[in-house]
Amino acid sequence: MTSIKKNIPLIDQHDKNGLWGGKFGGNFIPETLKKPVEDLNNLFEKLRKDKNFIKERDYYFKNWVGAPTPLIKLENLTNHLGGAQIWAKVVSEANGGAHKIYNATVHCLIAKRAGKKYIVGDTGAGYAGKMLSMAAKKFGLKCKIFMGAKDIKRQRPNVESIRKNGATIVPVTSGSQTLVDAVSECMRYWVSNCDTAHMCVGSTVGPNIFVKICGYSTTQISRELLKQIEYEFGEVPKKLKLINCVGGGSSAYGFWSKFMDFSKKQVEMIGVEAAGPKDSKLHAAPLSRGGKLGILHGAASYICQDRDGQIKETESISAGLDYPGVSPLHCFLKDTGKARYTSETDEAALKAYKLVTKFENLNPSLEPSHAFATAIREAVKYSRDTVIIVNSCGDAQKDKDILKKRLRKLK
Amino acid sequence: MSLSPISLAFKKCREMGRPALLTFTVAGDNTKKKSLDILKSISENADILEIGFPHNTPIGDGGQIQTSSYRSIKNGFKVRDIFQIVRKYRKIKNSKPIILMGYYNMIFQYGENKFLTQCKKSGINGIIVVDLPWPENKIFAKKCKKKKISFIQLLSPTTSKVRIKKIMKDSHDMCYYISMLSTTGGKLKISPKKILENYNKIKKTNKSKNLVIGFGITNKTISSLKSADGLVVGSQLCKEITKSIKKRQNPVTNLNKMVLNLKRRIS
């Protein structure tokens, strides 16, 4: 296993086969996609060096997405728990209500440069779909969103937004009818339409180039955070913990990427996966609950699978974390010991949501509620000189139906 | 050097002045026994049999083959069953060359070497791995060659000229041209003439390789492509199994009829 290099973005630390650490990621794709993937790769490498492109990206991040999103101290929660300071990077303040807007914006800008008129994407919680449809509308692209039939039911508010933005939703009824099937169906669509359509993979998963573009886009979060920390504390605190939920892992990577060169002692990165309902064996936590290395959606990563290599069904209250695979970047971070991964149950996430909303004027969706559960659990172990920052990467507006139902039961 | 069973099958067909007919069915669809019976039965008219090992997240397959795969998995299919099916199939008199087709994760989990040893033991002649393109497949292809199993390279309308040359150079005795930008079982969206034009460009780079066409081929389109070395029909057969089950008919006899019909159209 190679180790992590300093001063080079993690997204670029892969070998010529597109593998991080010699075994994660890569391009396990049908021959038909080889050329479109290669073309996209070439275009992206060109654009990221292009000053005009960066200027355009920054312009839209600032004036349309609304960068920077705030960093706030959760004083009441901190005082209540009596341990470490708890802060939140309120990424859900970004236009649309979640971090998915960064990847969606960059993909649309790339699609425009590639001369594509159509853009297609997958979605689980519906945020990736909502943002892609928003960005597509903004940049004049036709948009198609693939979403599992189960997710369409449970994330109704985002489904409505996607439709309102003029995009077509394609319900996916195969398999478990969740994100994993939506990604498969979206890739199949791209195989058949790669000459006219641009594909946006909704997270830091999929063939190598999609991991890179997504990581490149969400890095905006830590670019802002580093500045905000320096402003608030004068320097990066001696004991800093960055806690983020991990489904595919796009917000976590974006939240951490500018902190890779700090020592683990100073900046600890903690990823929180979905353990599912309390007594369920169908978790969505390949990193923290013994997923095995395998291939899913064009990349090698730790995966929830059976001995035969069939992908297991997963279960989580949070549609955005309900995915059997995970980004190769996080597999690499786990294997090198750079980041630590744990998991929280549906119940723990709901309790954390309740506590956070009781004390603070913040409305984290079920995905970051998993991260808050870990933050609350760990905060009491430390004193005030430890600073915990949670990436509140999504707004709970989309979860209002589930929350109403489940919080009543929780009482 | 003696010809491989796959090359031999192509040679025989060439001598008869027709393309080889390759069928694709999914192992264990709809049960282990039925899928074996289907193989035995269609052997009468097919020249090479492709057998899919079903995966539950297939990114290259359309609806028909997905349905077959899910059905097989639901009925308890395990990877080791495929070797048993092929071993039993090999016992019949007129057995034809067998090509396995599937996704890399299944091979990866089984272990490449163990998988190939089992393939050899049970009499499998070729392997197609949908999501292991060139050059990622170089090492695995070499391992196949050592065991005298053909690793079948895929080519598509998006494959560049330079890439075609490189892939053909590394290929074994058979290659597979994907007719159009599509998953399996899509409707032909370009003309057979255009498909053959692309096909001939590839064929010209190395005439000694057996090059087949697949994706979107049905009894309606097959005769217009018969100048190729071989033609693969898959989704239509999977669809016929689905239909037979629905109508409570025997898929074995229905598939036998269908394959006979396909053969007639290219003879």
# chains A, B, ... in the order shown; residues from 1 in each chain; ligands from 1
>>> residues_around(residues="Pro277 (chain A)", least_positions_apart="2", cutoff="9 Å", atoms="only C-alpha atoms", output="list in words")
Ala274, Ala275, Asp279, Ser280, Lys281, Leu282, His283, Glu315, Ser316, Ile317, Thr345, Asp346 and Glu347 of chain A
>>> write_last_selection(atoms="N, CA and C atoms", output="JSON list (two decimals), in the first residue's frame")
[["chain", "number", "residue", "atom", "x", "y", "z"],
["A", 274, "ALA", "N", -23.90, 4.70, 7.65],
["A", 274, "ALA", "CA", -25.24, 4.36, 8.13],
["A", 274, "ALA", "C", -25.31, 2.90, 8.54],
["A", 275, "ALA", "N", -25.64, 2.69, 9.83],
["A", 275, "ALA", "CA", -25.75, 1.31, 10.33],
["A", 275, "ALA", "C", -27.15, 0.75, 10.13],
["A", 279, "ASP", "N", -31.65, -3.18, 14.86],
["A", 279, "ASP", "CA", -31.37, -4.61, 14.86],
["A", 279, "ASP", "C", -31.19, -5.18, 13.46],
["A", 280, "SER", "N", -31.08, -4.29, 12.48],
["A", 280, "SER", "CA", -30.98, -4.74, 11.10],
["A", 280, "SER", "C", -29.56, -5.20, 10.76],
["A", 281, "LYS", "N", -29.48, -6.23, 9.94],
["A", 281, "LYS", "CA", -28.16, -6.64, 9.45],
["A", 281, "LYS", "C", -27.87, -5.97, 8.11],
["A", 282, "LEU", "N", -28.86, -5.32, 7.56],
["A", 282, "LEU", "CA", -28.69, -4.68, 6.25],
["A", 282, "LEU", "C", -28.17, -3.25, 6.40],
["A", 283, "HIS", "N", -26.95, -3.12, 6.89],
["A", 283, "HIS", "CA", -26.40, -1.78, 7.05],
["A", 283, "HIS", "C", -25.86, -1.27, 5.72],
["A", 315, "GLU", "N", -29.95, -0.94, 4.00],
["A", 315, "GLU", "CA", -31.13, -0.31, 4.58],
["A", 315, "GLU", "C", -30.68, 0.83, 5.47],
["A", 316, "SER", "N", -31.26, 2.00, 5.24],
["A", 316, "SER", "CA", -30.99, 3.14, 6.11],
["A", 316, "SER", "C", -32.15, 4.11, 6.01],
["A", 317, "ILE", "N", -32.38, 4.78, 7.10],
["A", 317, "ILE", "CA", -33.43, 5.81, 7.12],
["A", 317, "ILE", "C", -33.05, 6.96, 6.19],
["A", 345, "THR", "N", -26.74, 4.18, 13.96],
["A", 345, "THR", "CA", -28.02, 3.59, 13.57],
["A", 345, "THR", "C", -29.04, 4.68, 13.21],
["A", 346, "ASP", "N", -30.15, 4.24, 12.61],
["A", 346, "ASP", "CA", -31.26, 5.16, 12.31],
["A", 346, "ASP", "C", -31.70, 5.89, 13.57],
["A", 347, "GLU", "N", -31.84, 5.10, 14.66],
["A", 347, "GLU", "CA", -32.35, 5.66, 15.92],
["A", 347, "GLU", "C", -31.40, 6.71, 16.47]]
>>> residues_around(residues="Lys117 (chain A)", least_positions_apart="6", cutoff="10 Å", atoms="only C-alpha atoms", output="ChimeraX atom specification")
/A:108,111,136,140-143,196-198
>>> interface_residues(of="chain B", to="chain A", cutoff="10 Å", atoms="only C-alpha atoms", output="mmCIF file with N, CA, C and O atoms, in the first residue's frame")
data_model
loop_
_atom_site.group_PDB
_atom_site.id
_atom_site.type_symbol
_atom_site.label_atom_id
_atom_site.label_comp_id
_atom_site.auth_asym_id
_atom_site.auth_seq_id
_atom_site.Cartn_x
_atom_site.Cartn_y
_atom_site.Cartn_z
ATOM 1 N N PRO B 54 -25.084 -14.751 -13.775
ATOM 2 C CA PRO B 54 -25.903 -13.594 -13.416
ATOM 3 C C PRO B 54 -25.328 -12.749 -12.288
ATOM 4 O O PRO B 54 -24.808 -13.269 -11.305
ATOM 5 N N HIS B 55 -25.417 -11.430 -12.479
ATOM 6 C CA HIS B 55 -24.958 -10.485 -11.467
ATOM 7 C C HIS B 55 -26.131 -9.548 -11.173
ATOM 8 O O HIS B 55 -26.909 -9.250 -12.068
ATOM 9 N N ASN B 56 -26.228 -9.083 -9.948
ATOM 10 C CA ASN B 56 -27.404 -8.267 -9.618
ATOM 11 C C ASN B 56 -27.226 -6.765 -9.833
ATOM 12 O O ASN B 56 -28.144 -5.997 -9.606
ATOM 13 N N THR B 57 -26.045 -6.325 -10.249
ATOM 14 C CA THR B 57 -25.910 -4.923 -10.674
ATOM 15 C C THR B 57 -25.214 -4.839 -12.029
ATOM 16 O O THR B 57 -24.128 -4.285 -12.143
ATOM 17 N N PRO B 58 -25.859 -5.381 -13.054
ATOM 18 C CA PRO B 58 -25.215 -5.415 -14.370
ATOM 19 C C PRO B 58 -25.311 -4.064 -15.081
ATOM 20 O O PRO B 58 -26.413 -3.603 -15.347
ATOM 21 N N ILE B 59 -24.166 -3.422 -15.349
ATOM 22 C CA ILE B 59 -24.244 -2.090 -15.945
ATOM 23 C C ILE B 59 -24.266 -2.121 -17.474
ATOM 24 O O ILE B 59 -24.429 -1.097 -18.102
ATOM 25 N N GLY B 60 -24.130 -3.304 -18.062
ATOM 26 C CA GLY B 60 -24.133 -3.357 -19.521
ATOM 27 C C GLY B 60 -25.335 -4.067 -20.112
ATOM 28 O O GLY B 60 -25.420 -4.236 -21.314
ATOM 29 N N ASP B 61 -26.246 -4.503 -19.251
ATOM 30 C CA ASP B 61 -27.354 -5.305 -19.751
ATOM 31 C C ASP B 61 -28.679 -4.584 -19.733
ATOM 32 O O ASP B 61 -28.998 -3.863 -18.799
ATOM 33 N N GLY B 62 -29.456 -4.828 -20.757
ATOM 34 C CA GLY B 62 -30.792 -4.267 -20.849
ATOM 35 C C GLY B 62 -31.796 -5.105 -20.068
ATOM 36 O O GLY B 62 -31.432 -6.065 -19.389
ATOM 37 N N GLY B 63 -33.067 -4.737 -20.200
ATOM 38 C CA GLY B 63 -34.144 -5.323 -19.409
ATOM 39 C C GLY B 63 -34.277 -6.836 -19.482
ATOM 40 O O GLY B 63 -34.473 -7.497 -18.471
ATOM 41 N N GLN B 66 -31.440 -8.620 -17.702
ATOM 42 C CA GLN B 66 -31.593 -8.319 -16.268
ATOM 43 C C GLN B 66 -32.662 -9.197 -15.649
ATOM 44 O O GLN B 66 -32.475 -9.771 -14.578
ATOM 45 N N THR B 67 -33.809 -9.303 -16.333
ATOM 46 C CA THR B 67 -34.906 -10.127 -15.813
ATOM 47 C C THR B 67 -34.451 -11.569 -15.634
ATOM 48 O O THR B 67 -34.695 -12.187 -14.594
ATOM 49 N N TYR B 70 -31.996 -11.722 -12.578
ATOM 50 C CA TYR B 70 -32.660 -11.621 -11.278
ATOM 51 C C TYR B 70 -33.416 -12.918 -10.970
ATOM 52 O O TYR B 70 -33.425 -13.399 -9.842
ATOM 53 N N ILE B 73 -30.927 -15.605 -9.872
ATOM 54 C CA ILE B 73 -30.397 -15.353 -8.522
ATOM 55 C C ILE B 73 -31.476 -15.648 -7.481
ATOM 56 O O ILE B 73 -31.210 -16.249 -6.449
ATOM 57 N N PHE B 77 -29.197 -19.211 -7.522
ATOM 58 C CA PHE B 77 -27.970 -19.430 -8.289
ATOM 59 C C PHE B 77 -26.711 -18.999 -7.525
ATOM 60 O O PHE B 77 -26.656 -17.934 -6.934
ATOM 61 N N LYS B 78 -25.702 -19.863 -7.547
ATOM 62 C CA LYS B 78 -24.376 -19.525 -7.007
ATOM 63 C C LYS B 78 -23.339 -19.720 -8.124
ATOM 64 O O LYS B 78 -23.555 -20.554 -9.021
ATOM 65 N N VAL B 79 -22.227 -19.007 -8.035
ATOM 66 C CA VAL B 79 -21.230 -19.095 -9.112
ATOM 67 C C VAL B 79 -20.786 -20.543 -9.351
ATOM 68 O O VAL B 79 -20.622 -20.979 -10.487
ATOM 69 N N ARG B 80 -20.619 -21.296 -8.257
ATOM 70 C CA ARG B 80 -20.132 -22.678 -8.444
ATOM 71 C C ARG B 80 -21.106 -23.521 -9.288
ATOM 72 O O ARG B 80 -20.703 -24.494 -9.925
ATOM 73 N N TYR B 103 -19.629 -10.414 -15.245
ATOM 74 C CA TYR B 103 -18.987 -9.216 -14.699
ATOM 75 C C TYR B 103 -17.809 -9.595 -13.816
ATOM 76 O O TYR B 103 -17.793 -10.661 -13.187
ATOM 77 N N TYR B 104 -16.829 -8.700 -13.782
ATOM 78 C CA TYR B 104 -15.556 -9.030 -13.162
ATOM 79 C C TYR B 104 -15.658 -9.310 -11.662
ATOM 80 O O TYR B 104 -14.914 -10.128 -11.135
ATOM 81 N N ASN B 105 -16.580 -8.652 -10.975
ATOM 82 C CA ASN B 105 -16.615 -8.844 -9.518
ATOM 83 C C ASN B 105 -16.821 -10.307 -9.133
ATOM 84 O O ASN B 105 -16.276 -10.772 -8.133
ATOM 85 N N MET B 106 -17.579 -11.033 -9.932
ATOM 86 C CA MET B 106 -17.832 -12.438 -9.624
ATOM 87 C C MET B 106 -16.535 -13.244 -9.715
ATOM 88 O O MET B 106 -16.268 -14.104 -8.885
ATOM 89 N N ILE B 107 -15.735 -12.956 -10.733
ATOM 90 C CA ILE B 107 -14.459 -13.650 -10.907
ATOM 91 C C ILE B 107 -13.490 -13.228 -9.808
ATOM 92 O O ILE B 107 -12.792 -14.039 -9.214
ATOM 93 N N PHE B 108 -13.509 -11.940 -9.527
ATOM 94 C CA PHE B 108 -12.615 -11.373 -8.509
ATOM 95 C C PHE B 108 -12.890 -11.991 -7.140
ATOM 96 O O PHE B 108 -11.962 -12.340 -6.409
ATOM 97 N N GLN B 109 -14.154 -12.133 -6.791
ATOM 98 C CA GLN B 109 -14.496 -12.715 -5.492
ATOM 99 C C GLN B 109 -14.149 -14.199 -5.438
ATOM 100 O O GLN B 109 -13.725 -14.713 -4.412
ATOM 101 N N TYR B 110 -14.328 -14.880 -6.549
ATOM 102 C CA TYR B 110 -14.018 -16.309 -6.607
ATOM 103 C C TYR B 110 -12.506 -16.531 -6.577
ATOM 104 O O TYR B 110 -12.022 -17.540 -6.094
ATOM 105 N N VAL B 129 -15.626 -10.808 -20.296
ATOM 106 C CA VAL B 129 -15.888 -10.052 -19.071
ATOM 107 C C VAL B 129 -16.303 -8.640 -19.480
ATOM 108 O O VAL B 129 -15.489 -7.870 -19.995
ATOM 109 N N VAL B 130 -17.554 -8.339 -19.253
ATOM 110 C CA VAL B 130 -18.153 -7.101 -19.750
ATOM 111 C C VAL B 130 -17.418 -5.852 -19.249
ATOM 112 O O VAL B 130 -17.191 -4.912 -20.003
ATOM 113 N N ASP B 131 -17.050 -5.859 -17.972
ATOM 114 C CA ASP B 131 -16.481 -4.638 -17.388
ATOM 115 C C ASP B 131 -14.986 -4.748 -17.114
ATOM 116 O O ASP B 131 -14.470 -4.092 -16.210
ATOM 117 N N LEU B 132 -14.310 -5.557 -17.924
ATOM 118 C CA LEU B 132 -12.845 -5.602 -17.816
ATOM 119 C C LEU B 132 -12.265 -5.319 -19.200
ATOM 120 O O LEU B 132 -11.885 -6.230 -19.929
ATOM 121 N N PRO B 133 -12.239 -4.042 -19.572
ATOM 122 C CA PRO B 133 -11.803 -3.697 -20.936
ATOM 123 C C PRO B 133 -10.280 -3.788 -21.067
ATOM 124 O O PRO B 133 -9.568 -3.912 -20.076
ATOM 125 N N TRP B 134 -9.824 -3.703 -22.307
ATOM 126 C CA TRP B 134 -8.393 -3.585 -22.565
ATOM 127 C C TRP B 134 -7.985 -2.161 -22.179
ATOM 128 O O TRP B 134 -8.760 -1.256 -22.430
ATOM 129 N N PRO B 135 -6.859 -1.865 -21.568
ATOM 130 C CA PRO B 135 -5.764 -2.778 -21.216
ATOM 131 C C PRO B 135 -5.886 -3.374 -19.820
ATOM 132 O O PRO B 135 -5.021 -4.141 -19.419
ATOM 133 N N GLU B 136 -6.962 -3.035 -19.104
ATOM 134 C CA GLU B 136 -7.113 -3.565 -17.754
ATOM 135 C C GLU B 136 -7.141 -5.096 -17.754
ATOM 136 O O GLU B 136 -6.830 -5.724 -16.754
ATOM 137 N N ASN B 137 -7.538 -5.691 -18.901
ATOM 138 C CA ASN B 137 -7.696 -7.145 -18.921
ATOM 139 C C ASN B 137 -6.446 -7.907 -19.334
ATOM 140 O O ASN B 137 -6.460 -9.128 -19.458
ATOM 141 N N GLN B 153 -12.059 -10.379 -26.537
ATOM 142 C CA GLN B 153 -12.027 -8.923 -26.420
ATOM 143 C C GLN B 153 -13.277 -8.322 -27.060
ATOM 144 O O GLN B 153 -13.753 -8.821 -28.084
ATOM 145 N N LEU B 154 -13.750 -7.240 -26.467
ATOM 146 C CA LEU B 154 -14.908 -6.537 -27.006
ATOM 147 C C LEU B 154 -14.467 -5.284 -27.739
ATOM 148 O O LEU B 154 -13.490 -4.636 -27.355
ATOM 149 N N LEU B 155 -15.173 -4.955 -28.813
ATOM 150 C CA LEU B 155 -14.918 -3.716 -29.550
ATOM 151 C C LEU B 155 -16.263 -3.056 -29.761
ATOM 152 O O LEU B 155 -17.272 -3.746 -29.826
ATOM 153 N N SER B 156 -16.270 -1.730 -29.841
ATOM 154 C CA SER B 156 -17.561 -1.058 -29.991
ATOM 155 C C SER B 156 -17.454 0.080 -30.997
ATOM 156 O O SER B 156 -16.351 0.419 -31.432
ATOM 157 N N PRO B 157 -18.589 0.674 -31.360
ATOM 158 C CA PRO B 157 -18.526 1.785 -32.319
ATOM 159 C C PRO B 157 -17.688 2.961 -31.800
ATOM 160 O O PRO B 157 -17.269 3.804 -32.579
ATOM 161 N N THR B 158 -17.476 3.036 -30.479
ATOM 162 C CA THR B 158 -16.679 4.147 -29.950
ATOM 163 C C THR B 158 -15.187 3.815 -29.878
ATOM 164 O O THR B 158 -14.377 4.672 -29.525
ATOM 165 N N THR B 159 -14.831 2.580 -30.192
ATOM 166 C CA THR B 159 -13.418 2.200 -30.110
ATOM 167 C C THR B 159 -12.631 2.872 -31.243
ATOM 168 O O THR B 159 -12.979 2.713 -32.417
ATOM 169 N N SER B 160 -11.603 3.606 -30.879
ATOM 170 C CA SER B 160 -10.839 4.354 -31.889
ATOM 171 C C SER B 160 -9.984 3.404 -32.728
ATOM 172 O O SER B 160 -9.716 2.272 -32.341
ATOM 173 N N ARG B 163 -6.911 2.190 -31.010
ATOM 174 C CA ARG B 163 -7.277 1.229 -29.982
ATOM 175 C C ARG B 163 -7.668 -0.124 -30.593
ATOM 176 O O ARG B 163 -7.297 -1.168 -30.079
ATOM 177 N N TYR B 177 -17.769 -7.758 -31.633
ATOM 178 C CA TYR B 177 -18.066 -6.362 -31.958
ATOM 179 C C TYR B 177 -19.478 -6.006 -31.491
ATOM 180 O O TYR B 177 -20.460 -6.661 -31.855
ATOM 181 N N ILE B 178 -19.562 -4.965 -30.675
ATOM 182 C CA ILE B 178 -20.855 -4.491 -30.175
ATOM 183 C C ILE B 178 -21.457 -3.598 -31.257
ATOM 184 O O ILE B 178 -20.876 -2.575 -31.618
ATOM 185 N N MET B 180 -23.808 -1.418 -31.670
ATOM 186 C CA MET B 180 -24.242 -0.009 -31.555
ATOM 187 C C MET B 180 -24.050 0.464 -30.115
ATOM 188 O O MET B 180 -23.743 -0.324 -29.237
ATOM 189 N N LEU B 181 -24.289 1.757 -29.888
ATOM 190 C CA LEU B 181 -24.229 2.284 -28.540
ATOM 191 C C LEU B 181 -25.502 1.852 -27.826
ATOM 192 O O LEU B 181 -26.561 2.450 -28.010
ATOM 193 N N SER B 182 -25.377 0.824 -27.019
ATOM 194 C CA SER B 182 -26.565 0.290 -26.361
ATOM 195 C C SER B 182 -26.167 -0.722 -25.306
ATOM 196 O O SER B 182 -25.060 -1.255 -25.330
ATOM 197 N N THR B 183 -27.088 -0.969 -24.403
ATOM 198 C CA THR B 183 -26.944 -2.142 -23.559
ATOM 199 C C THR B 183 -27.468 -3.318 -24.367
ATOM 200 O O THR B 183 -27.972 -3.134 -25.472
ATOM 201 N N THR B 184 -27.385 -4.517 -23.833
ATOM 202 C CA THR B 184 -27.867 -5.672 -24.572
ATOM 203 C C THR B 184 -29.368 -5.548 -24.798
ATOM 204 O O THR B 184 -30.085 -4.983 -23.981
ATOM 205 N N GLY B 186 -31.124 -3.831 -26.951
ATOM 206 C CA GLY B 186 -31.720 -2.601 -27.466
ATOM 207 C C GLY B 186 -32.199 -2.804 -28.892
ATOM 208 O O GLY B 186 -31.807 -3.754 -29.567
#
>>> residues_around(residues="region 92-101 of chain A", least_positions_apart="4", cutoff="8 Å", atoms="only C-alpha atoms", output="list in words")
Trp64, Val65, Gly66, Ala67, Thr69, Pro70, Thr105, Tyr127, Ala128, Lys130, Met131, Leu132, Met134, Ala135, Gly202, Thr218, Ser251, Pro364, Ser392, Cys393, Gly394 and Asp395 of chain A
>>> write_last_selection(atoms="C-alpha atoms", output="PDB file, in the first residue's frame")
ATOM      1  CA  TRP A  64     -25.129  31.440  -7.642  1.00  0.00           C
ATOM      2  CA  VAL A  65     -24.268  28.731  -5.084  1.00  0.00           C
ATOM      3  CA  GLY A  66     -23.638  31.373  -2.444  1.00  0.00           C
ATOM      4  CA  ALA A  67     -20.102  30.692  -1.259  1.00  0.00           C
ATOM      5  CA  THR A  69     -21.445  28.849   3.505  1.00  0.00           C
ATOM      6  CA  PRO A  70     -21.305  29.817   7.202  1.00  0.00           C
ATOM      7  CA  THR A 105     -22.457  23.045 -11.219  1.00  0.00           C
ATOM      8  CA  TYR A 127     -30.339  16.242  -3.588  1.00  0.00           C
ATOM      9  CA  ALA A 128     -27.961  15.240  -6.370  1.00  0.00           C
ATOM     10  CA  LYS A 130     -32.398  18.393  -7.472  1.00  0.00           C
ATOM     11  CA  MET A 131     -29.092  20.231  -7.839  1.00  0.00           C
ATOM     12  CA  LEU A 132     -28.354  18.749 -11.230  1.00  0.00           C
ATOM     13  CA  MET A 134     -31.268  23.251 -11.024  1.00  0.00           C
ATOM     14  CA  ALA A 135     -27.866  23.640 -12.636  1.00  0.00           C
ATOM     15  CA  GLY A 202     -23.762  12.067  -7.996  1.00  0.00           C
ATOM     16  CA  THR A 218     -16.704  19.532  -3.294  1.00  0.00           C
ATOM     17  CA  SER A 251     -19.218  15.762   1.130  1.00  0.00           C
ATOM     18  CA  PRO A 364     -29.672  19.028   9.487  1.00  0.00           C
ATOM     19  CA  SER A 392     -24.103  19.921   8.145  1.00  0.00           C
ATOM     20  CA  CYS A 393     -24.191  19.090   4.477  1.00  0.00           C
ATOM     21  CA  GLY A 394     -27.925  18.859   3.857  1.00  0.00           C
ATOM     22  CA  ASP A 395     -31.169  20.475   4.935  1.00  0.00           C
TER      23      ASP A 395
END
>>> residues_around(residues="Lys263 (chain B)", least_positions_apart="4", cutoff="10 Å", atoms="only C-alpha atoms", output="PyMOL selection string")
chain B and resi 18-22+45-47+219+222-223+257-259+267
>>> residues_around(residues="Val212 (chain B)", least_positions_apart="2", cutoff="8 Å", atoms="only C-alpha atoms", output="PyMOL selection string")
chain B and resi 174-177+210+214+228-232
>>> write_last_selection(atoms="all heavy atoms", output="short mmCIF file (atom, residue, chain, number, x, y, z; two decimals), in the first residue's frame")
data_model
loop_
_atom_site.label_atom_id
_atom_site.label_comp_id
_atom_site.auth_asym_id
_atom_site.auth_seq_id
_atom_site.Cartn_x
_atom_site.Cartn_y
_atom_site.Cartn_z
N MET B 174 -10.94 -15.17 -30.98
CA MET B 174 -12.26 -14.60 -31.27
C MET B 174 -12.41 -13.23 -30.64
O MET B 174 -11.91 -12.98 -29.54
CB MET B 174 -13.34 -15.55 -30.71
CG MET B 174 -14.75 -14.98 -30.75
SD MET B 174 -15.95 -16.14 -30.02
CE MET B 174 -17.27 -15.00 -29.64
N CYS B 175 -13.09 -12.32 -31.35
CA CYS B 175 -13.41 -11.00 -30.80
C CYS B 175 -14.89 -10.73 -31.02
O CYS B 175 -15.52 -11.36 -31.86
CB CYS B 175 -12.61 -9.90 -31.49
SG CYS B 175 -10.86 -10.03 -31.19
N TYR B 176 -15.38 -9.76 -30.28
CA TYR B 176 -16.83 -9.51 -30.25
C TYR B 176 -17.05 -8.04 -30.55
O TYR B 176 -16.56 -7.17 -29.83
CB TYR B 176 -17.32 -9.87 -28.84
CG TYR B 176 -18.82 -9.88 -28.62
CD1 TYR B 176 -19.43 -10.99 -28.03
CD2 TYR B 176 -19.62 -8.79 -28.92
CE1 TYR B 176 -20.80 -11.02 -27.77
CE2 TYR B 176 -20.98 -8.81 -28.67
CZ TYR B 176 -21.56 -9.94 -28.09
OH TYR B 176 -22.90 -9.95 -27.83
N TYR B 177 -17.77 -7.76 -31.63
CA TYR B 177 -18.07 -6.36 -31.96
C TYR B 177 -19.48 -6.01 -31.49
O TYR B 177 -20.46 -6.66 -31.86
CB TYR B 177 -17.94 -6.13 -33.48
CG TYR B 177 -18.31 -4.72 -33.87
CD1 TYR B 177 -17.57 -3.63 -33.40
CD2 TYR B 177 -19.42 -4.45 -34.67
CE1 TYR B 177 -17.92 -2.33 -33.73
CE2 TYR B 177 -19.77 -3.15 -35.01
CZ TYR B 177 -19.02 -2.10 -34.53
OH TYR B 177 -19.37 -0.81 -34.84
N ASN B 210 -11.60 -14.51 -35.60
CA ASN B 210 -13.04 -14.68 -35.77
C ASN B 210 -13.74 -13.53 -35.08
O ASN B 210 -13.59 -13.35 -33.88
CB ASN B 210 -13.49 -16.00 -35.17
CG ASN B 210 -12.81 -17.17 -35.85
OD1 ASN B 210 -13.02 -17.40 -37.04
ND2 ASN B 210 -11.97 -17.87 -35.13
N GLY B 214 -22.75 -8.70 -31.97
CA GLY B 214 -23.81 -8.92 -31.00
C GLY B 214 -24.47 -7.63 -30.60
O GLY B 214 -24.01 -6.55 -30.97
N ALA B 228 -21.06 -11.67 -41.56
CA ALA B 228 -20.10 -11.70 -40.44
C ALA B 228 -19.66 -13.13 -40.15
O ALA B 228 -20.28 -14.08 -40.60
CB ALA B 228 -20.75 -11.09 -39.21
N ASP B 229 -18.58 -13.26 -39.37
CA ASP B 229 -18.10 -14.60 -39.00
C ASP B 229 -19.07 -15.30 -38.06
O ASP B 229 -19.15 -16.51 -38.02
CB ASP B 229 -16.73 -14.51 -38.29
CG ASP B 229 -15.66 -13.97 -39.22
OD1 ASP B 229 -15.83 -14.07 -40.44
OD2 ASP B 229 -14.64 -13.45 -38.70
N GLY B 230 -19.73 -14.49 -37.26
CA GLY B 230 -20.66 -15.08 -36.30
C GLY B 230 -21.62 -14.03 -35.78
O GLY B 230 -21.31 -12.85 -35.81
N LEU B 231 -22.79 -14.47 -35.34
CA LEU B 231 -23.80 -13.54 -34.82
C LEU B 231 -24.34 -14.05 -33.50
O LEU B 231 -24.60 -15.25 -33.35
CB LEU B 231 -24.93 -13.39 -35.85
CG LEU B 231 -24.48 -12.81 -37.20
CD1 LEU B 231 -25.52 -13.05 -38.28
CD2 LEU B 231 -24.16 -11.33 -37.08
N VAL B 232 -24.49 -13.13 -32.56
CA VAL B 232 -24.93 -13.53 -31.22
C VAL B 232 -26.38 -13.08 -31.01
O VAL B 232 -26.71 -11.92 -31.23
CB VAL B 232 -24.06 -12.86 -30.13
CG1 VAL B 232 -24.39 -13.47 -28.76
CG2 VAL B 232 -22.59 -12.99 -30.44
#
>>> closest_residue(among="B:Ile42, B:Glu112, B:Asp37, B:Thr25", to="Asn256 (chain B)", atoms="only C-alpha atoms")
B:Ile42
>>> atom_distance(atom1="CA of Ser250 (chain A)", atom2="CA of Ile119 (chain A)")
19.4 Å
>>> atom_distance(atom1="CA of Pro171 (chain A)", atom2="CA of Lys400 (chain A)")
21.3 Å
